[in-house]
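Asks: Enclosed is the structure file structure33.txt (compact mmCIF, C-alpha atoms (C1' of nucleotides)).
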```txt
# COMPACT_ATOMS: atom_id res chain seq x y z
CA MET A 1 -16.47 7.61 17.22
CA CYS A 2 -15.79 7.10 13.57
CA MET A 3 -14.18 10.46 13.07
CA THR A 4 -11.63 9.26 10.62
CA LEU A 5 -12.89 6.68 8.20
CA ARG A 6 -15.49 8.87 6.58
CA PRO A 7 -15.34 12.30 4.98
CA ARG A 8 -15.59 15.20 7.39
CA GLY A 9 -18.87 16.77 8.11
CA ARG A 10 -20.90 13.87 6.86
CA ALA A 11 -23.63 12.06 8.68
CA LYS A 12 -22.48 9.61 11.29
CA ARG A 13 -22.58 6.28 9.49
CA GLU A 14 -20.39 3.38 8.62
CA PRO A 15 -17.79 3.97 5.98
CA THR A 16 -18.89 2.28 2.78
CA PRO A 17 -16.70 -0.34 1.13
CA GLU A 18 -16.23 2.17 -1.68
CA LEU A 19 -14.83 4.76 0.71
CA LEU A 20 -12.54 2.21 2.33
CA GLY A 21 -11.31 1.28 -1.13
CA LEU A 22 -10.61 4.91 -1.98
CA ILE A 23 -8.71 5.49 1.24
CA ALA A 24 -6.77 2.27 0.75
CA GLY A 25 -5.91 3.42 -2.76
CA GLN A 26 -4.46 6.65 -1.40
CA PHE A 27 -2.29 4.72 1.02
CA ARG A 28 -1.27 2.25 -1.67
CA ALA A 29 0.01 5.09 -3.83
CA LEU A 30 2.52 5.81 -1.05
CA ALA A 31 3.24 2.17 -0.26
CA GLU A 32 6.13 1.87 -2.68
CA PRO A 33 9.75 2.93 -2.11
CA ALA A 34 10.08 3.99 -5.73
CA ARG A 35 7.19 6.42 -5.44
CA LEU A 36 8.43 7.76 -2.12
CA SER A 37 11.76 8.33 -3.79
CA ILE A 38 10.02 10.34 -6.50
CA LEU A 39 8.14 12.41 -3.95
CA HIS A 40 11.34 13.08 -2.09
CA ALA A 41 13.00 14.26 -5.29
CA LEU A 42 10.11 16.69 -5.73
CA GLU A 43 10.54 18.29 -2.32
CA GLY A 44 11.23 21.98 -2.71
CA LYS A 45 11.10 22.21 -6.49
CA GLU A 46 9.38 20.82 -9.51
CA ARG A 47 11.24 18.39 -11.77
CA THR A 48 11.01 17.09 -15.30
CA VAL A 49 10.73 13.40 -15.99
CA THR A 50 14.29 13.37 -17.25
CA GLU A 51 15.53 14.96 -14.05
CA LEU A 52 13.58 12.43 -12.02
CA VAL A 53 15.15 9.57 -13.97
CA GLU A 54 18.55 10.82 -12.90
CA LEU A 55 17.56 11.59 -9.34
CA THR A 56 15.79 8.32 -8.65
CA GLY A 57 17.65 5.90 -10.89
CA LEU A 58 14.36 4.47 -12.13
CA GLY A 59 13.81 3.51 -15.74
CA GLN A 60 11.97 6.12 -17.79
CA GLY A 61 8.91 4.05 -18.58
CA ASN A 62 8.67 2.73 -15.07
CA LEU A 63 9.04 6.22 -13.65
CA SER A 64 6.36 7.56 -15.95
CA LYS A 65 3.91 4.96 -14.73
CA HIS A 66 4.64 5.77 -11.11
CA LEU A 67 4.02 9.42 -11.92
CA GLN A 68 0.66 8.56 -13.46
CA GLN A 69 -0.35 6.79 -10.27
CA LEU A 70 0.75 9.66 -8.08
CA HIS A 71 -1.06 12.10 -10.33
CA ALA A 72 -4.22 9.99 -10.38
CA CYS A 73 -4.26 10.15 -6.58
CA GLY A 74 -3.61 13.87 -6.65
CA PHE A 75 -0.25 13.76 -4.92
CA VAL A 76 1.61 15.45 -7.78
CA SER A 77 0.69 18.12 -10.30
CA ARG A 78 1.71 18.23 -13.95
CA ARG A 79 2.74 21.18 -16.09
CA ARG A 80 3.67 20.88 -19.72
CA ASP A 81 6.33 23.23 -21.03
CA GLY A 82 7.15 22.49 -24.64
CA LEU A 83 8.80 19.14 -24.85
CA PHE A 84 9.14 18.76 -21.12
CA VAL A 85 6.63 17.88 -18.43
CA HIS A 86 7.28 19.30 -15.02
CA TYR A 87 5.96 17.47 -11.98
CA ALA A 88 5.59 18.95 -8.51
CA LEU A 89 4.11 18.05 -5.15
CA ALA A 90 0.43 18.92 -5.32
CA ASP A 91 0.05 19.83 -1.64
CA LYS A 92 1.52 19.42 1.81
CA ASP A 93 -0.30 16.20 2.59
CA VAL A 94 2.55 13.96 1.49
CA LEU A 95 4.91 15.79 3.80
CA ALA A 96 2.52 15.49 6.72
CA LEU A 97 1.87 11.82 6.07
CA CYS A 98 5.53 10.91 5.78
CA GLU A 99 6.31 12.92 8.86
CA ILE A 100 3.85 10.86 10.87
CA MET A 101 5.36 7.65 9.52
CA CYS A 102 8.90 8.78 10.28
CA HIS A 103 7.84 9.76 13.74
CA ARG A 104 6.41 6.29 14.27
CA LEU A 105 9.53 4.58 12.98
CA GLU A 106 11.72 6.73 15.16
CA ALA A 107 9.67 5.78 18.19
CA ASP A 108 10.00 2.10 17.31
CA ILE A 109 13.74 2.38 16.87
CA GLU A 110 14.11 4.13 20.18
CA ALA A 111 12.00 1.49 21.90
CA GLU A 112 14.20 -1.23 20.44
CA GLN A 113 17.32 0.54 21.59
CA ARG A 114 15.93 0.77 25.10
CA VAL A 115 15.36 -2.98 25.05
CA VAL A 116 18.88 -3.60 23.87
CA ALA A 117 20.32 -1.19 26.43
CA ALA A 118 18.40 -2.86 29.24
CA ARG A 119 20.28 -6.14 28.78
CA MET B 120 14.27 20.46 2.44
CA CYS B 121 13.93 16.82 3.15
CA MET B 122 11.97 17.30 6.33
CA THR B 123 9.73 14.36 5.79
CA LEU B 124 11.45 11.35 4.35
CA ARG B 125 13.87 10.84 7.18
CA PRO B 126 13.43 10.54 10.91
CA ARG B 127 13.14 13.80 12.79
CA GLY B 128 16.17 15.37 14.29
CA ARG B 129 18.60 13.39 12.21
CA ALA B 130 21.39 14.76 10.13
CA LYS B 131 20.38 16.29 6.82
CA ARG B 132 20.97 13.49 4.36
CA GLU B 133 19.22 11.46 1.73
CA PRO B 134 16.78 8.90 2.99
CA THR B 135 18.30 5.48 2.61
CA PRO B 136 16.56 2.78 0.58
CA GLU B 137 16.04 0.98 3.88
CA LEU B 138 14.17 3.93 5.35
CA LEU B 139 12.06 4.31 2.22
CA GLY B 140 11.22 0.64 2.49
CA LEU B 141 10.19 0.99 6.11
CA ILE B 142 7.98 3.98 5.38
CA ALA B 143 6.45 2.21 2.40
CA GLY B 144 5.75 -0.76 4.63
CA GLN B 145 3.86 1.45 7.05
CA PHE B 146 1.72 2.81 4.24
CA ARG B 147 1.20 -0.66 2.79
CA ALA B 148 -0.22 -1.84 6.10
CA LEU B 149 -3.00 0.72 5.61
CA ALA B 150 -3.37 0.12 1.88
CA GLU B 151 -6.02 -2.56 2.24
CA PRO B 152 -9.76 -2.05 2.74
CA ALA B 153 -9.94 -5.11 4.97
CA ARG B 154 -7.36 -3.70 7.35
CA LEU B 155 -8.98 -0.26 7.35
CA SER B 156 -12.22 -1.99 8.22
CA ILE B 157 -10.52 -3.64 11.17
CA LEU B 158 -9.07 -0.36 12.34
CA HIS B 159 -12.45 1.28 12.07
CA ALA B 160 -13.98 -1.48 14.16
CA LEU B 161 -11.35 -0.76 16.81
CA GLU B 162 -12.21 2.92 17.08
CA GLY B 163 -13.26 3.74 20.58
CA LYS B 164 -12.90 0.32 22.15
CA GLU B 165 -10.81 -2.80 22.04
CA ARG B 166 -12.21 -5.93 20.42
CA THR B 167 -11.58 -9.65 20.46
CA VAL B 168 -10.86 -11.51 17.26
CA THR B 169 -14.29 -13.08 17.41
CA GLU B 170 -15.92 -9.69 17.69
CA LEU B 171 -13.87 -8.45 14.76
CA VAL B 172 -14.96 -11.41 12.67
CA GLU B 173 -18.56 -10.36 13.18
CA LEU B 174 -17.93 -6.64 12.74
CA THR B 175 -15.87 -6.93 9.59
CA GLY B 176 -17.28 -10.05 7.96
CA LEU B 177 -13.79 -11.34 7.30
CA GLY B 178 -12.86 -14.98 7.71
CA GLN B 179 -11.18 -15.82 11.00
CA GLY B 180 -7.87 -16.95 9.54
CA ASN B 181 -7.73 -14.07 7.13
CA LEU B 182 -8.57 -11.61 9.87
CA SER B 183 -5.90 -13.02 12.13
CA LYS B 184 -3.30 -12.51 9.45
CA HIS B 185 -4.34 -8.92 8.93
CA LEU B 186 -4.07 -8.37 12.66
CA GLN B 187 -0.54 -9.75 12.67
CA GLN B 188 0.44 -7.25 9.98
CA LEU B 189 -1.13 -4.34 11.80
CA HIS B 190 0.56 -5.42 15.01
CA ALA B 191 3.93 -5.84 13.30
CA CYS B 192 3.67 -2.24 12.11
CA GLY B 193 2.61 -1.08 15.56
CA PHE B 194 -0.85 0.12 14.59
CA VAL B 195 -2.65 -2.16 17.02
CA SER B 196 -1.83 -3.51 20.47
CA ARG B 197 -2.59 -6.98 21.76
CA ARG B 198 -3.80 -8.06 25.20
CA ARG B 199 -4.42 -11.67 26.11
CA ASP B 200 -7.21 -12.36 28.57
CA GLY B 201 -7.67 -16.06 29.10
CA LEU B 202 -8.94 -17.61 25.94
CA PHE B 203 -9.48 -14.29 24.23
CA VAL B 204 -7.08 -11.83 22.65
CA HIS B 205 -8.15 -8.22 22.70
CA TYR B 206 -6.85 -5.87 20.04
CA ALA B 207 -6.91 -2.09 20.24
CA LEU B 208 -5.61 0.91 18.34
CA ALA B 209 -2.05 1.45 19.49
CA ASP B 210 -2.05 5.23 19.09
CA LYS B 211 -3.73 8.16 17.37
CA ASP B 212 -1.63 7.97 14.24
CA VAL B 213 -4.11 5.87 12.32
CA LEU B 214 -6.83 8.39 13.03
CA ALA B 215 -4.65 11.28 11.92
CA LEU B 216 -3.55 9.48 8.76
CA CYS B 217 -7.06 8.50 7.74
CA GLU B 218 -8.30 11.99 8.47
CA ILE B 219 -5.79 13.43 6.04
CA MET B 220 -6.83 10.91 3.40
CA CYS B 221 -10.52 11.60 3.92
CA HIS B 222 -9.85 15.29 3.68
CA ARG B 223 -8.09 14.74 0.37
CA LEU B 224 -10.89 12.61 -1.00
CA GLU B 225 -13.47 15.14 0.06
CA ALA B 226 -11.57 17.88 -1.73
CA ASP B 227 -11.44 15.74 -4.86
CA ILE B 228 -15.15 15.00 -4.72
CA GLU B 229 -15.98 18.68 -4.28
CA ALA B 230 -13.74 19.58 -7.19
CA GLU B 231 -15.53 17.04 -9.37
CA GLN B 232 -18.89 18.39 -8.34
CA ARG B 233 -17.83 21.90 -9.26
CA VAL B 234 -16.88 20.64 -12.68
CA VAL B 235 -20.22 18.92 -13.09
CA ALA B 236 -22.10 21.96 -11.81
CA ALA B 237 -20.30 24.23 -14.25
CA ARG B 238 -21.77 22.44 -17.28
C1' DA C 239 -6.28 -37.10 31.04
C1' DA C 240 -9.97 -35.72 27.14
C1' DC C 241 -12.57 -32.12 25.22
C1' DA C 242 -14.07 -27.49 23.74
C1' DT C 243 -13.24 -22.86 22.27
C1' DA C 244 -10.38 -18.87 20.59
C1' DT C 245 -6.65 -17.67 17.96
C1' DA C 246 -2.68 -18.49 14.88
C1' DT C 247 -0.49 -20.67 11.01
C1' DT C 248 0.15 -23.35 6.68
C1' DC C 249 -1.06 -24.53 1.99
C1' DG C 250 -2.73 -23.74 -2.62
C1' DT C 251 -4.60 -20.41 -5.75
C1' DA C 252 -5.99 -16.30 -8.08
C1' DT C 253 -5.19 -11.53 -8.42
C1' DT C 254 -2.33 -7.60 -8.29
C1' DT C 255 1.65 -5.15 -9.48
C1' DA C 256 6.48 -3.52 -10.24
C1' DC C 257 9.70 -4.10 -13.55
C1' DT C 258 12.16 -4.35 -18.36
C1' DA C 259 11.95 -3.91 -23.16
C1' DC C 260 9.74 -2.19 -26.71
C1' DT C 261 6.56 0.78 -29.15
C1' DA C 262 3.63 4.90 -29.70
C1' DC C 263 2.71 9.64 -29.14
C1' DA C 264 3.75 14.68 -28.50
C1' DG C 265 6.39 18.61 -29.43
C1' DT C 266 10.39 21.03 -31.71
C1' DA C 267 13.68 22.04 -35.29
C1' DA C 268 15.82 21.33 -39.67
C1' DT D 269 7.74 16.80 -44.72
C1' DT D 270 11.61 14.16 -41.95
C1' DA D 271 14.36 13.75 -38.01
C1' DC D 272 15.02 14.16 -33.17
C1' DT D 273 13.91 14.33 -28.24
C1' DG D 274 10.94 13.78 -24.13
C1' DT D 275 7.12 11.42 -22.33
C1' DA D 276 3.42 7.94 -22.25
C1' DG D 277 1.60 3.46 -23.12
C1' DT D 278 1.77 -1.80 -24.12
C1' DA D 279 3.25 -6.72 -23.58
C1' DG D 280 5.27 -10.12 -21.02
C1' DT D 281 7.18 -11.82 -16.69
C1' DA D 282 8.32 -12.55 -11.94
C1' DA D 283 7.27 -11.48 -7.25
C1' DA D 284 4.06 -10.15 -3.67
C1' DT D 285 -0.26 -10.93 -1.45
C1' DA D 286 -5.22 -11.54 -0.13
C1' DC D 287 -8.19 -15.14 0.33
C1' DG D 288 -10.53 -19.76 1.73
C1' DA D 289 -9.80 -24.21 3.60
C1' DA D 290 -7.60 -26.98 6.51
C1' DT D 291 -4.58 -27.64 10.33
C1' DA D 292 -2.01 -26.35 14.50
C1' DT D 293 -1.52 -24.08 18.87
C1' DA D 294 -3.08 -22.08 23.23
C1' DT D 295 -6.02 -21.68 27.07
C1' DG D 296 -9.74 -23.23 29.87
C1' DT D 297 -13.11 -26.83 31.53
C1' DT D 298 -14.65 -31.20 33.02
```
Could I get this file's structure written as structure tokens?
Replies:
Amino acid sequence: MCMTLRPRGRAKREPTPELLGLIAGQFRALAEPARLSILHALEGKERTVTELVELTGLGQGNLSKHLQQLHACGFVSRRRDGLFVHYALADKDVLALCEIMCHRLEADIEAEQRVVAAR
Amino acid sequence: MCMTLRPRGRAKREPTPELLGLIAGQFRALAEPARLSILHALEGKERTVTELVELTGLGQGNLSKHLQQLHACGFVSRRRDGLFVHYALADKDVLALCEIMCHRLEADIEAEQRVVAAR
DNA sequence: AACATATATTCGTATTTACTACTACAGTAA
DNA sequence: TTACTGTAGTAGTAAATACGAATATATGTT
């Protein structure tokens, strides 16, 4: 039991409120359509802030703040190149997480369709 | 590209704002320490609301609302047994999701420790 | 029926937060 | 230096939400 809500390899004990807060913070960083839109725009290649403004339709200041949040949680990396700052997906975790969520949603939709079809 | 922000097996197209909202909603359901605490209490066995009140320390009304949210997102299942309602983890997704997050946090902590150790 | 217990819901409030508009900072070029 | 561009930060505001307290509903018991 308790394999998930504590760091791996640690002693078997209750997750502290601090740890729960950290995990919740990671989820909260992804709990916003605007930030998911940013992450989607970063799939495959890195992008400058200007590019992301165009791709996402978000305002520049707003977008920048979302990027700070994603960077603070380690979901995106930053690379300065002269006047431009290039952002990129930091790892594959975002992809894995979203894939699980999409899988769940797909299952829900299919279940609903079965209910509808059964009438 | 775009393997993650749309349901599997669908045509290759941009994720709609609706889909992004649904995914964000799934993440938001997990973006709260109180709800993670509930999910942790449900690891291994189902629990009644009364049991969850004791295990989590949350108020009964507050807890019930959190349970409704988790149930609406499909993370927990409900089973009525007379006067009691038993809640349980609906699937293994929560465990997988939290494991990824814990893994990330652990990596961050280790990275910080390396920085500290290098001084 | 009345009563008791378990769970759900409503109300009011304080906190959080996403957004826009504006301003500040960083880097480049003249 | 000044001017210009890209990015980051600040202030104010409206919407979302987590919480406690109180109330309502559901089920079982007498």
Asks: With all Cα atoms paired residue by residue, do a least-squares superposition of chain A on chain B and hand back the transformed coordinates as a PDB file with C-alpha atoms, in the coordinates of the input.
Replies:
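Saved as superposed.pdb:
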```
ATOM      1  CA  MET A   1      14.188  20.490   2.345  1.00  0.00           C
ATOM      2  CA  CYS A   2      13.851  16.834   3.095  1.00  0.00           C
ATOM      3  CA  MET A   3      11.924  17.335   6.283  1.00  0.00           C
ATOM      4  CA  THR A   4       9.718  14.357   5.826  1.00  0.00           C
ATOM      5  CA  LEU A   5      11.438  11.357   4.361  1.00  0.00           C
ATOM      6  CA  ARG A   6      13.898  10.879   7.172  1.00  0.00           C
ATOM      7  CA  PRO A   7      13.495  10.539  10.922  1.00  0.00           C
ATOM      8  CA  ARG A   8      13.237  13.805  12.805  1.00  0.00           C
ATOM      9  CA  GLY A   9      16.259  15.376  14.270  1.00  0.00           C
ATOM     10  CA  ARG A  10      18.686  13.444  12.155  1.00  0.00           C
ATOM     11  CA  ALA A  11      21.451  14.827  10.037  1.00  0.00           C
ATOM     12  CA  LYS A  12      20.380  16.301   6.748  1.00  0.00           C
ATOM     13  CA  ARG A  13      20.984  13.496   4.277  1.00  0.00           C
ATOM     14  CA  GLU A  14      19.201  11.452   1.707  1.00  0.00           C
ATOM     15  CA  PRO A  15      16.763   8.902   2.983  1.00  0.00           C
ATOM     16  CA  THR A  16      18.285   5.460   2.610  1.00  0.00           C
ATOM     17  CA  PRO A  17      16.531   2.784   0.574  1.00  0.00           C
ATOM     18  CA  GLU A  18      16.005   0.965   3.866  1.00  0.00           C
ATOM     19  CA  LEU A  19      14.149   3.925   5.340  1.00  0.00           C
ATOM     20  CA  LEU A  20      12.035   4.314   2.216  1.00  0.00           C
ATOM     21  CA  GLY A  21      11.186   0.631   2.466  1.00  0.00           C
ATOM     22  CA  LEU A  22      10.158   0.998   6.099  1.00  0.00           C
ATOM     23  CA  ILE A  23       7.963   3.992   5.367  1.00  0.00           C
ATOM     24  CA  ALA A  24       6.433   2.222   2.384  1.00  0.00           C
ATOM     25  CA  GLY A  25       5.725  -0.757   4.621  1.00  0.00           C
ATOM     26  CA  GLN A  26       3.827   1.454   7.049  1.00  0.00           C
ATOM     27  CA  PHE A  27       1.703   2.815   4.234  1.00  0.00           C
ATOM     28  CA  ARG A  28       1.171  -0.652   2.792  1.00  0.00           C
ATOM     29  CA  ALA A  29      -0.243  -1.841   6.102  1.00  0.00           C
ATOM     30  CA  LEU A  30      -3.024   0.723   5.608  1.00  0.00           C
ATOM     31  CA  ALA A  31      -3.397   0.139   1.878  1.00  0.00           C
ATOM     32  CA  GLU A  32      -6.042  -2.542   2.224  1.00  0.00           C
ATOM     33  CA  PRO A  33      -9.790  -2.048   2.737  1.00  0.00           C
ATOM     34  CA  ALA A  34      -9.954  -5.102   4.969  1.00  0.00           C
ATOM     35  CA  ARG A  35      -7.381  -3.683   7.357  1.00  0.00           C
ATOM     36  CA  LEU A  36      -9.013  -0.264   7.351  1.00  0.00           C
ATOM     37  CA  SER A  37     -12.247  -1.997   8.213  1.00  0.00           C
ATOM     38  CA  ILE A  38     -10.535  -3.649  11.172  1.00  0.00           C
ATOM     39  CA  LEU A  39      -9.096  -0.354  12.355  1.00  0.00           C
ATOM     40  CA  HIS A  40     -12.484   1.257  12.084  1.00  0.00           C
ATOM     41  CA  ALA A  41     -14.013  -1.511  14.179  1.00  0.00           C
ATOM     42  CA  LEU A  42     -11.383  -0.774  16.823  1.00  0.00           C
ATOM     43  CA  GLU A  43     -12.248   2.908  17.090  1.00  0.00           C
ATOM     44  CA  GLY A  44     -13.308   3.726  20.619  1.00  0.00           C
ATOM     45  CA  LYS A  45     -12.913   0.290  22.167  1.00  0.00           C
ATOM     46  CA  GLU A  46     -10.823  -2.813  22.058  1.00  0.00           C
ATOM     47  CA  ARG A  47     -12.224  -5.957  20.439  1.00  0.00           C
ATOM     48  CA  THR A  48     -11.581  -9.671  20.479  1.00  0.00           C
ATOM     49  CA  VAL A  49     -10.844 -11.542  17.297  1.00  0.00           C
ATOM     50  CA  THR A  50     -14.272 -13.122  17.438  1.00  0.00           C
ATOM     51  CA  GLU A  51     -15.922  -9.730  17.707  1.00  0.00           C
ATOM     52  CA  LEU A  52     -13.867  -8.482  14.783  1.00  0.00           C
ATOM     53  CA  VAL A  53     -14.958 -11.451  12.676  1.00  0.00           C
ATOM     54  CA  GLU A  54     -18.547 -10.402  13.208  1.00  0.00           C
ATOM     55  CA  LEU A  55     -17.925  -6.707  12.756  1.00  0.00           C
ATOM     56  CA  THR A  56     -15.864  -6.982   9.597  1.00  0.00           C
ATOM     57  CA  GLY A  57     -17.268 -10.104   7.980  1.00  0.00           C
ATOM     58  CA  LEU A  58     -13.755 -11.386   7.331  1.00  0.00           C
ATOM     59  CA  GLY A  59     -12.826 -15.023   7.741  1.00  0.00           C
ATOM     60  CA  GLN A  60     -11.133 -15.843  11.036  1.00  0.00           C
ATOM     61  CA  GLY A  61      -7.811 -16.948   9.614  1.00  0.00           C
ATOM     62  CA  ASN A  62      -7.699 -14.095   7.171  1.00  0.00           C
ATOM     63  CA  LEU A  63      -8.559 -11.620   9.904  1.00  0.00           C
ATOM     64  CA  SER A  64      -5.874 -13.014  12.165  1.00  0.00           C
ATOM     65  CA  LYS A  65      -3.254 -12.491   9.498  1.00  0.00           C
ATOM     66  CA  HIS A  66      -4.345  -8.916   8.931  1.00  0.00           C
ATOM     67  CA  LEU A  67      -4.070  -8.359  12.670  1.00  0.00           C
ATOM     68  CA  GLN A  68      -0.528  -9.719  12.663  1.00  0.00           C
ATOM     69  CA  GLN A  69       0.422  -7.233   9.971  1.00  0.00           C
ATOM     70  CA  LEU A  70      -1.152  -4.331  11.799  1.00  0.00           C
ATOM     71  CA  HIS A  71       0.546  -5.399  15.004  1.00  0.00           C
ATOM     72  CA  ALA A  72       3.913  -5.817  13.293  1.00  0.00           C
ATOM     73  CA  CYS A  73       3.643  -2.210  12.115  1.00  0.00           C
ATOM     74  CA  GLY A  74       2.594  -1.079  15.563  1.00  0.00           C
ATOM     75  CA  PHE A  75      -0.856   0.128  14.597  1.00  0.00           C
ATOM     76  CA  VAL A  76      -2.665  -2.171  17.034  1.00  0.00           C
ATOM     77  CA  SER A  77      -1.854  -3.511  20.479  1.00  0.00           C
ATOM     78  CA  ARG A  78      -2.595  -6.994  21.782  1.00  0.00           C
ATOM     79  CA  ARG A  79      -3.776  -8.099  25.207  1.00  0.00           C
ATOM     80  CA  ARG A  80      -4.385 -11.693  26.126  1.00  0.00           C
ATOM     81  CA  ASP A  81      -7.178 -12.408  28.575  1.00  0.00           C
ATOM     82  CA  GLY A  82      -7.631 -16.121  29.086  1.00  0.00           C
ATOM     83  CA  LEU A  83      -8.881 -17.642  25.906  1.00  0.00           C
ATOM     84  CA  PHE A  84      -9.464 -14.327  24.219  1.00  0.00           C
ATOM     85  CA  VAL A  85      -7.087 -11.839  22.647  1.00  0.00           C
ATOM     86  CA  HIS A  86      -8.150  -8.243  22.729  1.00  0.00           C
ATOM     87  CA  TYR A  87      -6.875  -5.884  20.057  1.00  0.00           C
ATOM     88  CA  ALA A  88      -6.938  -2.099  20.252  1.00  0.00           C
ATOM     89  CA  LEU A  89      -5.632   0.894  18.349  1.00  0.00           C
ATOM     90  CA  ALA A  90      -2.068   1.439  19.502  1.00  0.00           C
ATOM     91  CA  ASP A  91      -2.075   5.227  19.092  1.00  0.00           C
ATOM     92  CA  LYS A  92      -3.752   8.145  17.389  1.00  0.00           C
ATOM     93  CA  ASP A  93      -1.654   7.976  14.249  1.00  0.00           C
ATOM     94  CA  VAL A  94      -4.147   5.870  12.325  1.00  0.00           C
ATOM     95  CA  LEU A  95      -6.865   8.390  13.044  1.00  0.00           C
ATOM     96  CA  ALA A  96      -4.689  11.278  11.924  1.00  0.00           C
ATOM     97  CA  LEU A  97      -3.590   9.491   8.776  1.00  0.00           C
ATOM     98  CA  CYS A  98      -7.095   8.506   7.747  1.00  0.00           C
ATOM     99  CA  GLU A  99      -8.326  11.980   8.486  1.00  0.00           C
ATOM    100  CA  ILE A 100      -5.817  13.426   6.047  1.00  0.00           C
ATOM    101  CA  MET A 101      -6.855  10.904   3.407  1.00  0.00           C
ATOM    102  CA  CYS A 102     -10.546  11.608   3.925  1.00  0.00           C
ATOM    103  CA  HIS A 103      -9.870  15.289   3.710  1.00  0.00           C
ATOM    104  CA  ARG A 104      -8.112  14.758   0.394  1.00  0.00           C
ATOM    105  CA  LEU A 105     -10.916  12.626  -0.989  1.00  0.00           C
ATOM    106  CA  GLU A 106     -13.491  15.152   0.087  1.00  0.00           C
ATOM    107  CA  ALA A 107     -11.588  17.883  -1.704  1.00  0.00           C
ATOM    108  CA  ASP A 108     -11.442  15.770  -4.857  1.00  0.00           C
ATOM    109  CA  ILE A 109     -15.145  15.042  -4.727  1.00  0.00           C
ATOM    110  CA  GLU A 110     -15.960  18.688  -4.281  1.00  0.00           C
ATOM    111  CA  ALA A 111     -13.711  19.626  -7.186  1.00  0.00           C
ATOM    112  CA  GLU A 112     -15.478  17.092  -9.383  1.00  0.00           C
ATOM    113  CA  GLN A 113     -18.854  18.425  -8.372  1.00  0.00           C
ATOM    114  CA  ARG A 114     -17.772  21.933  -9.280  1.00  0.00           C
ATOM    115  CA  VAL A 115     -16.790  20.671 -12.719  1.00  0.00           C
ATOM    116  CA  VAL A 116     -20.119  18.969 -13.154  1.00  0.00           C
ATOM    117  CA  ALA A 117     -22.009  22.021 -11.911  1.00  0.00           C
ATOM    118  CA  ALA A 118     -20.139  24.287 -14.307  1.00  0.00           C
ATOM    119  CA  ARG A 119     -21.605  22.531 -17.352  1.00  0.00           C
TER     120      ARG A 119
END
```
Asks: Would you work out the distance separating CA of Ala143 in chain B from CA of Arg114 in chain A, expressed in Å to one decimal?
Replies: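 CA of Arg114 in chain A lies 24.6 Å from CA of Ala143 in chain B.
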Asks: Which residues, written as a ChimeraX atom specification, have at least one atom at most 9 Å from range 262-265 of chain C, with all atoms listed in the file counted and residues fewer than 4 positions away on the same chain left out?
Replies: /A:82-84 /D:273-278
Asks: Which residue is closest to chain A? Choose from B:His190, B:Arg166, B:Arg198, B:Arg147 and count all atoms listed in the file.
Replies: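 Among B:His190, B:Arg166, B:Arg198, B:Arg147, it is B:Arg147 that comes nearest to chain A.
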Asks: Please identify every residue of chain B that has at least one atom no farther than 10 Å from an atom of chain D, counting all atoms listed in the file, and for each give the shortest atom pair and the distance in Å to one decimal, arranged by chain then increasing number, as a Markdown table.
Replies:
```
| residue | atom | partner | partner_atom | distance |
| --- | --- | --- | --- | --- |
| B:Glu151 | CA | D:DA286 | C1' | 9.3 |
| B:Ala153 | CA | D:DA286 | C1' | 9.5 |
| B:Leu177 | CA | D:DC287 | C1' | 9.7 |
| B:Gly178 | CA | D:DG288 | C1' | 8.0 |
| B:Gly180 | CA | D:DG288 | C1' | 8.7 |
| B:Asn181 | CA | D:DC287 | C1' | 6.9 |
| B:Lys184 | CA | D:DA286 | C1' | 9.8 |
| B:His185 | CA | D:DA286 | C1' | 9.5 |
| B:Asp200 | CA | D:DT295 | C1' | 9.5 |
| B:Gly201 | CA | D:DT295 | C1' | 6.2 |
| B:Leu202 | CA | D:DT295 | C1' | 5.1 |
| B:Phe203 | CA | D:DT295 | C1' | 8.6 |
```
Asks: Of the residues B:Leu216, B:Leu186, B:Cys221, B:Ala236, which is the one nearest to chain C, using all atoms listed in the file?
Replies: B:Leu186
Asks: For the contact check between chain C and chain B, emit one row per residue of chain C within 8 Å, containing the shortest atom pair and the distance in Å rounded to one decimal, counting all atoms listed in the file, chain then rising number order, as a tab-separated table.
Replies:
```
residue	atom	partner	partner_atom	distance
C:DT243	C1'	B:Leu202	CA	7.7
C:DA244	C1'	B:Leu202	CA	5.7
C:DT245	C1'	B:Val168	CA	7.5
C:DA246	C1'	B:Ser183	CA	6.9
```
Asks: Given only C-alpha atoms as the basis, pick out the residue of B:His205, B:Leu139, B:Arg154, B:Glu170 nearest to chain A.
Replies: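 Closest to chain A of all the choices is B:Leu139.
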Asks: Given the choices B:Val213, B:Ala150, B:Leu171, B:Leu208, which gets closest to chain A if the distance is worked out from only C-alpha atoms?
Replies: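 Among the listed residues, B:Ala150 lies closest to chain A.
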Asks: Within 12 Å of Ile109 in chain A, counting all atoms listed in the file, which residues show up once you throw out same-chain ones fewer than 6 positions away? Write them as a PDB file with C-alpha atoms, in the frame of the given file, please.
Replies:
```
ATOM      1  CA  CYS A 102       8.900   8.780  10.280  1.00  0.00           C
ATOM      2  CA  HIS A 103       7.840   9.760  13.740  1.00  0.00           C
ATOM      3  CA  VAL A 115      15.360  -2.980  25.050  1.00  0.00           C
ATOM      4  CA  VAL A 116      18.880  -3.600  23.870  1.00  0.00           C
TER       5      VAL A 116
ATOM      6  CA  PRO B 126      13.430  10.540  10.910  1.00  0.00           C
ATOM      7  CA  LEU B 138      14.170   3.930   5.350  1.00  0.00           C
ATOM      8  CA  LEU B 141      10.190   0.990   6.110  1.00  0.00           C
ATOM      9  CA  GLY B 193       2.610  -1.080  15.560  1.00  0.00           C
TER      10      GLY B 193
END
```
Asks: Based on all atoms listed in the file, which of the residues in chain A come within 10 Å of chain B? I want them as a count of residues only.
Replies: 60
Asks: Rounded to one decimal in Å, what is the spacing between CA of Leu70 in chain A and CA of Glu231 in chain B?
Replies: 17.9 Å
